[in-house]
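What follows is the content of my_file.cif (mmCIF, C-alpha atoms and all ligand atoms).
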```
data_upload
loop_
_atom_site.label_atom_id
_atom_site.label_comp_id
_atom_site.auth_asym_id
_atom_site.auth_seq_id
_atom_site.Cartn_x
_atom_site.Cartn_y
_atom_site.Cartn_z
CA MET A 1 189.77 114.66 -150.33
CA LYS A 2 189.04 111.17 -149.01
CA LYS A 3 186.76 108.92 -151.07
CA PHE A 4 183.12 109.03 -149.85
CA LYS A 5 181.79 105.91 -148.14
CA LYS A 6 179.21 103.88 -150.07
CA ASP A 7 176.36 105.00 -147.78
CA LEU A 8 175.29 108.08 -145.86
CA LEU A 9 173.77 106.84 -142.61
CA SER A 10 175.24 109.28 -140.13
CA ILE A 11 177.03 112.63 -140.14
CA TYR A 12 180.00 110.67 -138.79
CA ASP A 13 180.25 108.99 -142.22
CA LEU A 14 181.60 112.32 -143.52
CA ASP A 15 184.66 114.40 -142.77
CA MET A 16 185.14 118.17 -142.86
CA GLN A 17 186.30 118.34 -146.49
CA GLN A 18 183.54 116.06 -147.73
CA ILE A 19 180.88 118.17 -145.98
CA TRP A 20 182.33 121.39 -147.40
CA SER A 21 182.46 119.84 -150.87
CA LEU A 22 178.83 118.66 -150.67
CA ILE A 23 177.69 122.15 -149.70
CA GLY A 24 179.66 123.67 -152.61
CA LYS A 25 178.10 121.19 -155.00
CA ALA A 26 174.60 121.91 -153.65
CA VAL A 27 175.08 125.68 -154.03
CA LYS A 28 176.03 125.15 -157.71
CA LEU A 29 173.09 122.78 -158.26
CA LYS A 30 170.75 125.34 -156.74
CA LYS A 31 171.69 127.67 -159.63
CA SER A 32 171.77 125.10 -162.44
CA GLY A 33 168.81 122.97 -161.28
CA TYR A 34 168.71 120.19 -163.87
CA THR A 35 171.20 117.56 -165.07
CA ASP A 36 170.87 114.30 -167.00
CA LYS A 37 173.45 112.37 -164.96
CA PHE A 38 170.82 109.94 -163.65
CA LYS A 39 169.33 109.14 -167.07
CA GLY A 40 168.18 105.51 -166.89
CA LYS A 41 168.84 105.25 -163.16
CA VAL A 42 166.12 104.19 -160.71
CA PHE A 43 166.01 104.90 -156.98
CA GLY A 44 163.90 103.27 -154.28
CA LEU A 45 162.36 105.20 -151.40
CA ILE A 46 161.21 103.14 -148.41
CA PHE A 47 159.55 105.25 -145.70
CA GLU A 48 158.33 103.56 -142.52
CA LYS A 49 157.26 106.95 -141.11
CA PRO A 50 155.30 109.82 -142.70
CA SER A 51 157.16 112.47 -144.66
CA THR A 52 156.41 115.53 -146.73
CA ARG A 53 159.72 117.33 -147.31
CA THR A 54 162.13 114.39 -147.42
CA MET A 55 159.97 112.19 -149.64
CA VAL A 56 159.14 114.97 -152.10
CA SER A 57 162.56 116.65 -152.16
CA PHE A 58 164.37 113.33 -152.78
CA SER A 59 161.88 112.34 -155.49
CA THR A 60 162.18 115.76 -157.13
CA ALA A 61 165.99 115.75 -156.89
CA ILE A 62 166.10 112.36 -158.63
CA ALA A 63 163.68 113.48 -161.37
CA GLN A 64 165.55 116.77 -161.91
CA ALA A 65 168.73 114.74 -162.43
CA GLY A 66 167.02 112.59 -165.09
CA GLY A 67 166.35 109.54 -162.89
CA THR A 68 163.21 107.79 -161.71
CA PRO A 69 162.12 107.68 -158.05
CA LEU A 70 160.14 104.62 -156.98
CA VAL A 71 158.21 105.04 -153.75
CA LEU A 72 158.05 101.58 -152.15
CA ASP A 73 155.37 101.33 -149.47
CA PRO A 74 156.84 99.12 -146.71
CA GLN A 75 153.33 97.78 -146.05
CA LYS A 76 153.31 96.34 -149.57
CA LEU A 77 156.81 94.86 -149.63
CA GLN A 78 157.45 91.24 -148.60
CA THR A 79 159.40 92.50 -145.58
CA LYS A 80 155.94 93.10 -144.12
CA ARG A 81 155.43 89.31 -144.25
CA GLY A 82 158.81 88.57 -142.73
CA GLU A 83 161.27 88.50 -145.65
CA SER A 84 164.68 89.28 -144.24
CA VAL A 85 166.33 92.66 -144.58
CA SER A 86 169.41 90.99 -146.05
CA ASP A 87 167.48 89.23 -148.84
CA THR A 88 165.51 92.40 -149.59
CA ALA A 89 168.66 94.53 -149.71
CA LYS A 90 170.49 92.06 -151.97
CA VAL A 91 167.57 91.74 -154.40
CA LEU A 92 166.83 95.47 -154.59
CA SER A 93 170.52 96.06 -155.28
CA ARG A 94 170.08 94.08 -158.53
CA TYR A 95 167.36 96.49 -159.74
CA LEU A 96 168.06 99.89 -158.29
CA ASP A 97 170.92 102.40 -158.32
CA GLY A 98 170.35 103.81 -154.84
CA ILE A 99 167.96 103.50 -151.95
CA ILE A 100 166.65 106.09 -149.52
CA ILE A 101 165.22 104.83 -146.24
CA ARG A 102 163.29 106.43 -143.38
CA ALA A 103 163.01 103.99 -140.49
CA PHE A 104 162.29 103.81 -136.80
CA LYS A 105 165.40 101.83 -135.86
CA HIS A 106 168.79 103.13 -136.96
CA GLU A 107 170.00 99.50 -136.99
CA TYR A 108 167.54 98.82 -139.81
CA VAL A 109 169.28 101.22 -142.21
CA GLU A 110 172.66 99.91 -141.05
CA GLU A 111 171.63 96.35 -141.80
CA PHE A 112 170.14 97.36 -145.13
CA ALA A 113 173.36 99.13 -146.07
CA LYS A 114 175.46 96.16 -145.00
CA TYR A 115 173.74 93.84 -147.44
CA SER A 116 173.21 96.34 -150.29
CA THR A 117 175.73 96.78 -153.04
CA ILE A 118 174.18 100.17 -153.89
CA PRO A 119 174.32 103.40 -151.83
CA VAL A 120 171.86 103.61 -148.94
CA ILE A 121 170.90 107.03 -147.59
CA ASN A 122 169.37 107.66 -144.19
CA ALA A 123 166.25 109.79 -144.63
CA LEU A 124 165.71 109.89 -140.80
CA THR A 125 165.83 107.28 -138.10
CA ASP A 126 165.15 107.55 -134.37
CA ALA A 127 168.86 108.30 -133.97
CA GLU A 128 169.79 110.72 -136.77
CA HIS A 129 168.64 112.91 -139.65
CA PRO A 130 171.86 113.62 -141.53
CA CYS A 131 170.40 114.98 -144.80
CA GLN A 132 168.36 117.50 -142.82
CA ILE A 133 171.38 118.87 -141.01
CA LEU A 134 173.49 119.12 -144.17
CA GLY A 135 170.73 121.17 -145.80
CA ASP A 136 170.52 123.29 -142.66
CA LEU A 137 174.24 123.95 -142.74
CA MET A 138 173.89 125.07 -146.36
CA THR A 139 171.15 127.50 -145.25
CA ILE A 140 173.32 128.93 -142.47
CA ILE A 141 176.23 129.38 -144.87
CA GLU A 142 173.96 131.23 -147.30
CA LYS A 143 172.23 133.39 -144.69
CA PHE A 144 175.48 134.54 -143.05
CA ASN A 145 177.43 134.65 -146.33
CA ILE A 146 180.04 132.33 -144.84
CA LYS A 147 183.18 131.83 -146.93
CA SER A 148 185.39 129.74 -144.64
CA PHE A 149 185.39 127.30 -141.73
CA LYS A 150 186.90 130.07 -139.65
CA GLU A 151 183.81 132.24 -140.18
CA LEU A 152 181.48 129.31 -139.57
CA LYS A 153 183.15 128.48 -136.26
CA LYS A 154 182.43 132.02 -135.01
CA LEU A 155 178.66 131.51 -135.14
CA LYS A 156 176.88 130.45 -131.98
CA ILE A 157 174.24 127.87 -132.79
CA ALA A 158 171.62 126.93 -130.20
CA PHE A 159 169.43 123.87 -130.55
CA VAL A 160 166.48 124.35 -128.21
CA GLY A 161 164.07 121.65 -126.97
CA ASP A 162 164.15 117.87 -127.18
CA ALA A 163 167.53 116.24 -127.87
CA ASN A 164 166.03 114.11 -130.63
CA ASN A 165 167.34 112.70 -133.91
CA VAL A 166 167.78 116.19 -135.38
CA ALA A 167 169.65 117.38 -132.29
CA ASN A 168 171.85 114.27 -132.45
CA SER A 169 172.82 115.12 -136.00
CA TRP A 170 173.57 118.71 -134.92
CA LEU A 171 175.77 117.32 -132.19
CA ALA A 172 177.64 115.14 -134.68
CA LEU A 173 177.98 117.93 -137.25
CA SER A 174 179.27 120.40 -134.69
CA ALA A 175 181.81 117.89 -133.45
CA VAL A 176 183.05 117.00 -136.93
CA LEU A 177 183.28 120.62 -138.12
CA GLY A 178 184.39 122.21 -134.85
CA LEU A 179 181.33 124.42 -134.42
CA ASN A 180 179.98 126.28 -131.40
CA LEU A 181 176.77 124.48 -130.34
CA THR A 182 174.58 124.89 -127.29
CA LEU A 183 171.95 122.22 -126.68
CA LEU A 184 169.36 123.85 -124.48
CA GLY A 185 166.45 121.98 -122.92
CA ALA A 186 165.02 120.11 -119.96
CA LYS A 187 167.40 117.75 -118.15
CA GLN A 188 165.35 114.62 -118.87
CA TYR A 189 165.42 115.38 -122.62
CA ALA A 190 169.14 116.15 -122.86
CA PRO A 191 171.35 114.18 -125.28
CA LYS A 192 172.11 110.56 -124.37
CA LYS A 193 175.44 110.09 -122.62
CA ASP A 194 176.96 107.77 -125.26
CA LEU A 195 176.13 110.21 -128.07
CA LEU A 196 177.44 113.18 -126.12
CA ASP A 197 180.63 111.34 -125.20
CA LYS A 198 181.20 110.37 -128.83
CA ALA A 199 180.73 114.00 -129.92
CA LEU A 200 183.04 115.29 -127.20
CA ILE A 201 185.84 112.94 -128.29
CA THR A 202 185.60 114.26 -131.86
CA ALA A 203 185.17 117.82 -130.55
CA LYS A 204 188.57 117.65 -128.86
CA LYS A 205 190.22 117.14 -132.25
CA THR A 206 188.28 119.91 -133.99
CA ASN A 207 188.06 122.41 -131.11
CA ALA A 208 184.29 122.34 -131.23
CA VAL A 209 182.56 124.10 -128.35
CA ILE A 210 179.66 121.92 -127.20
CA ASN A 211 177.60 123.09 -124.29
CA VAL A 212 174.60 121.20 -122.85
CA SER A 213 172.43 123.44 -120.69
CA THR A 214 169.07 123.85 -119.00
CA ASP A 215 169.65 127.57 -118.39
CA LEU A 216 167.59 129.82 -120.66
CA ASP A 217 170.17 132.59 -120.29
CA ASP A 218 172.54 130.48 -122.37
CA ILE A 219 170.60 131.60 -125.43
CA LYS A 220 172.51 134.90 -125.17
CA ASN A 221 174.75 135.74 -128.15
CA SER A 222 173.15 133.08 -130.35
CA ASP A 223 173.27 133.67 -134.10
CA VAL A 224 171.05 130.70 -134.89
CA ILE A 225 168.19 129.35 -132.78
CA TYR A 226 167.09 125.97 -134.04
CA THR A 227 164.14 123.98 -132.78
CA ASP A 228 162.17 120.87 -133.61
CA VAL A 229 159.04 119.19 -132.27
CA TRP A 230 159.01 118.04 -128.66
CA THR A 231 157.29 114.77 -129.59
CA SER A 232 158.96 113.02 -132.49
CA MET A 233 157.34 110.35 -134.62
CA GLY A 234 157.11 107.24 -132.48
CA ALA A 235 157.12 109.07 -129.11
CA GLU A 236 153.43 110.05 -129.18
CA LYS A 237 152.61 108.20 -125.93
CA GLU A 238 154.89 110.60 -124.03
CA GLU A 239 153.39 113.76 -125.52
CA LYS A 240 151.83 115.22 -122.34
CA LYS A 241 154.94 114.59 -120.25
CA ARG A 242 157.12 116.19 -122.88
CA ILE A 243 154.97 119.31 -123.21
CA LYS A 244 155.11 119.78 -119.45
CA ALA A 245 158.87 119.43 -119.20
CA LEU A 246 159.79 121.39 -122.30
CA SER A 247 157.30 124.28 -122.17
CA PRO A 248 159.87 126.74 -120.70
CA TYR A 249 161.92 126.19 -123.86
CA GLN A 250 159.40 127.44 -126.40
CA VAL A 251 161.10 129.57 -129.07
CA ASN A 252 159.17 132.81 -128.78
CA ILE A 253 159.75 136.57 -128.98
CA ASN A 254 161.07 136.73 -125.41
CA MET A 255 163.72 134.14 -126.20
CA LEU A 256 164.59 135.86 -129.46
CA LYS A 257 165.11 139.16 -127.63
CA LYS A 258 167.95 137.58 -125.63
CA ALA A 259 169.80 136.38 -128.74
CA ASN A 260 171.93 138.41 -131.15
CA LYS A 261 170.15 141.08 -133.16
CA ASN A 262 170.56 139.28 -136.49
CA CYS A 263 169.76 135.87 -135.06
CA ILE A 264 167.86 133.58 -137.43
CA VAL A 265 165.36 130.95 -136.31
CA MET A 266 165.34 127.57 -137.99
CA HIS A 267 162.93 124.65 -137.81
CA CYS A 268 163.22 121.43 -139.78
CA LEU A 269 159.39 121.19 -139.96
CA PRO A 270 156.76 119.92 -139.48
CA ALA A 271 156.19 122.37 -136.60
CA VAL A 272 153.58 122.33 -133.87
CA ARG A 273 152.78 126.03 -133.71
CA ASP A 274 152.57 127.46 -130.20
CA GLU A 275 154.21 124.39 -128.75
CA GLU A 276 157.97 124.36 -129.48
CA ILE A 277 157.72 127.61 -131.47
CA SER A 278 155.27 130.48 -131.26
CA THR A 279 153.19 131.33 -134.32
CA GLU A 280 154.58 134.85 -134.10
CA VAL A 281 158.18 133.67 -134.48
CA MET A 282 157.22 131.20 -137.21
CA ASP A 283 155.60 134.01 -139.17
CA ILE A 284 158.46 136.47 -138.71
CA GLN A 285 161.02 133.84 -139.72
CA GLU A 286 158.95 132.26 -142.48
CA THR A 287 161.39 133.05 -145.29
CA ASN A 288 164.34 131.53 -143.45
CA ILE A 289 162.38 128.41 -142.56
CA LEU A 290 161.10 127.96 -146.12
CA ASP A 291 164.58 128.53 -147.57
CA GLN A 292 165.76 125.87 -145.14
CA ALA A 293 163.11 123.45 -146.43
CA GLU A 294 164.01 124.27 -150.05
CA ASN A 295 167.68 123.51 -149.49
CA ARG A 296 166.82 119.88 -148.73
CA LEU A 297 166.25 119.49 -152.47
CA HIS A 298 169.65 120.88 -153.44
CA ILE A 299 171.75 119.15 -150.81
CA GLN A 300 170.11 115.78 -151.41
CA LYS A 301 170.72 116.11 -155.16
CA ALA A 302 174.37 116.82 -154.35
CA ILE A 303 174.54 113.79 -152.00
CA LEU A 304 172.98 111.48 -154.60
CA LEU A 305 175.24 112.73 -157.40
CA GLU A 306 178.27 112.19 -155.17
CA LEU A 307 177.37 108.68 -154.02
CA VAL A 308 175.72 107.28 -157.15
CA LYS A 309 178.07 107.34 -160.14
N1 LIG B 1 162.05 117.85 -142.06
C1 LIG B 1 161.59 116.67 -142.52
O1 LIG B 1 162.32 115.66 -142.61
O2 LIG B 1 160.30 116.73 -142.91
P1 LIG B 1 159.40 115.50 -143.37
O3 LIG B 1 159.14 114.65 -142.17
O4 LIG B 1 158.17 116.13 -143.94
O5 LIG B 1 160.17 114.72 -144.41
N1 LIG B 2 162.31 114.91 -134.74
C1 LIG B 2 161.27 114.81 -135.73
C2 LIG B 2 161.80 115.25 -137.07
C3 LIG B 2 160.81 115.24 -138.18
C4 LIG B 2 161.39 115.67 -139.46
C5 LIG B 2 160.74 113.40 -135.78
O1 LIG B 2 161.53 112.46 -135.77
O2 LIG B 2 159.52 113.23 -135.82
#
```
Please, can you express the file's structure as structure tokens?
Amino acid sequence: MKKFKKDLLSIYDLDMQQIWSLIGKAVKLKKSGYTDKFKGKVFGLIFEKPSTRTMVSFSTAIAQAGGTPLVLDPQKLQTKRGESVSDTAKVLSRYLDGIIIRAFKHEYVEEFAKYSTIPVINALTDAEHPCQILGDLMTIIEKFNIKSFKELKKLKIAFVGDANNVANSWLALSAVLGLNLTLLGAKQYAPKKDLLDKALITAKKTNAVINVSTDLDDIKNSDVIYTDVWTSMGAEKEEKKRIKALSPYQVNINMLKKANKNCIVMHCLPAVRDEEISTEVMDIQETNILDQAENRLHIQKAILLELVK
């Protein structure tokens, strides 16, 4: 297996073997729970946007591995007063063992990583949410008792709604692993051309099947229906427009009826009930969605243990 890069900023930072290995590690950690590998190590968490799952699961993962999480409020750091990202990254690298960042601009985490000598992990940007998707893959592997890539490739995964950061990471993951992904939603909220083109180039090498559609019938034969909010953090001004365009794509019982019998519904949360997903479907699928949220803890512990030695 190839050596991991210093940072995890995008799914494209990983290859097939590395992803498979991270999932294997996370499954083992889910059983064992605690380790002391991070004894004496300190991690910084800088979150420009709100977070419940990512902030708490990273902090818990670090604590369960014997380390200390430090939540650094960006409003209270000198970056707020204009200190450069490069100076901040260089200085924090002298104190910390790893840094986890949630930012608006993807370029911010890239710049931070460039000047840091310690691993930087993307905890969501406007462009991607790689840790989310790796945890989601772990959940799918568990739910369908998947033992090989071959079995994984047979599943039809549908991402329904806004082609946001989470969808972008699904696109990247499907391309890298050669999965069967349908991105279903309104035309104006389809994936950006550059991101789709990038995925399709990788998809050629891995035989991934990537289908972008506005046709609700394309939900047929799905094994996984995945959705996320229609209005992501930072896009609040467009909320009304988005609801109008995306309302046909609500994940509800009617949509579920068209999919495979054992289809599972996933949502990265937080959800807006009765907008992108009906309360009824949320309630029926609660266990899957909570298992999905739990797996963030295990996969992120695996990522940290892999990158921070
Ligand atoms: N799914 C997710 O990243 O949730 P939070 O915004 O609560 O971290
Ligand atoms: N797409 C959502 C994901 C939240 C975890 C957002 O960026 O707000």
Coordinates-based distance that separates atom CA of Ser10 of chain A from atom CA of Ile157 of chain A (Å, one decimal):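 Going from atom CA of Ile157 of chain A over to atom CA of Ser10 of chain A, I get 20.0 Å.
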Residue among A:Tyr249, A:Phe144, A:Phe47, A:Phe149 lying closest to Asp73 of chain A, counting only C-alpha atoms: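 Once distances to Asp73 of chain A are computed over only C-alpha atoms, the minimum belongs to A:Phe47.
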From A:Ser148, A:Lys80, A:Thr117, A:Lys220, residue lying nearest Gln17 of chain A [all atoms listed in the file]: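 For Gln17 of chain A, the nearest of the candidates is A:Ser148.
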Interatomic distance (Å, one decimal) between atom CA of Asn164 of chain A and atom CA of Ala190 of chain A: 8.6 Å
Selected residue, from A:Glu276, A:Val91, A:Leu181, A:Leu152, that lies nearest to Gln78 of chain A when counting all atoms listed in the file: A:Val91
Show me which residues are within 7 Å of ligand LIG 1 (chain B) counting only C-alpha atoms and all ligand atoms, and format the list as a short mmCIF file (atom, residue, chain, number, x, y, z; two decimals) with C-alpha atoms, in the coordinates of the input.
```
data_model
loop_
_atom_site.label_atom_id
_atom_site.label_comp_id
_atom_site.auth_asym_id
_atom_site.auth_seq_id
_atom_site.Cartn_x
_atom_site.Cartn_y
_atom_site.Cartn_z
CA PRO A 50 155.30 109.82 -142.70
CA SER A 51 157.16 112.47 -144.66
CA THR A 52 156.41 115.53 -146.73
CA ARG A 53 159.72 117.33 -147.31
CA THR A 54 162.13 114.39 -147.42
CA MET A 55 159.97 112.19 -149.64
CA LEU A 124 165.71 109.89 -140.80
CA GLN A 132 168.36 117.50 -142.82
CA CYS A 268 163.22 121.43 -139.78
CA LEU A 269 159.39 121.19 -139.96
CA PRO A 270 156.76 119.92 -139.48
#
```
Selected residue of minimal separation from Gly24 of chain A among A:Lys192, A:Lys147, A:Lys240, A:Lys205, counting all atoms listed in the file: A:Lys147
For segment 136-140 of chain A, take all atoms listed in the file, fit an axis-aligned box around them, add 4 Å to each of the six sides, then output centre and edge lengths in Å rounded to one decimal, as JSON.
```
{"center_x": 172.4, "center_y": 126.1, "center_z": -144.4, "size_x": 11.7, "size_y": 13.6, "size_z": 11.9}
```
Using all atoms listed in the file: which of A:Ile121, A:Val308, A:Ala103, A:Val176 has the shortest distance to Ala65 of chain A: A:Val308
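Distances to ligand LIG 2 (chain B) were evaluated for A:Lys39, A:Lys105, A:Lys25, A:Lys90 using only C-alpha atoms and all ligand atoms, and the minimum falls at A:Lys105.
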Per-residue nearest contacts chain A to ligand LIG 2 (chain B), cut-off 6 Å, using only C-alpha atoms and all ligand atoms, as CSV:
```
residue,atom,partner,partner_atom,distance
A:Asn164,CA,B:LIG2,N1,5.6
A:Asn165,CA,B:LIG2,N1,5.6
A:Val166,CA,B:LIG2,N1,5.7
A:Val229,CA,B:LIG2,N1,5.9
A:Ser232,CA,B:LIG2,O2,3.4
A:Met233,CA,B:LIG2,O2,3.8
A:Leu269,CA,B:LIG2,C4,5.9
```
Selection near Trp170 of chain A, 8 Å with all atoms listed in the file, sequence-local residues under 3 positions removed, as a PyMOL selection string: chain A and resi 133+159+166-167+173-174
Point-to-point distance from atom CA of Asn252 of chain A to atom CA of Lys237 of chain A, Å rounded to tenths: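 Pair atom CA of Asn252 of chain A / atom CA of Lys237 of chain A returns 25.6 Å.
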Shell around Leu171 of chain A at 9 Å using all atoms listed in the file, local window under 6 positions removed, as a PyMOL selection string: chain A and resi 181+183+191+195-196+199+210
All residues 10 Å or closer to Ala158 of chain A, only C-alpha atoms, same chain fewer than 2 positions away omitted, as a PyMOL selection string: chain A and resi 155-156+160-161+167+170+180-184+210-212+218-227+259+265
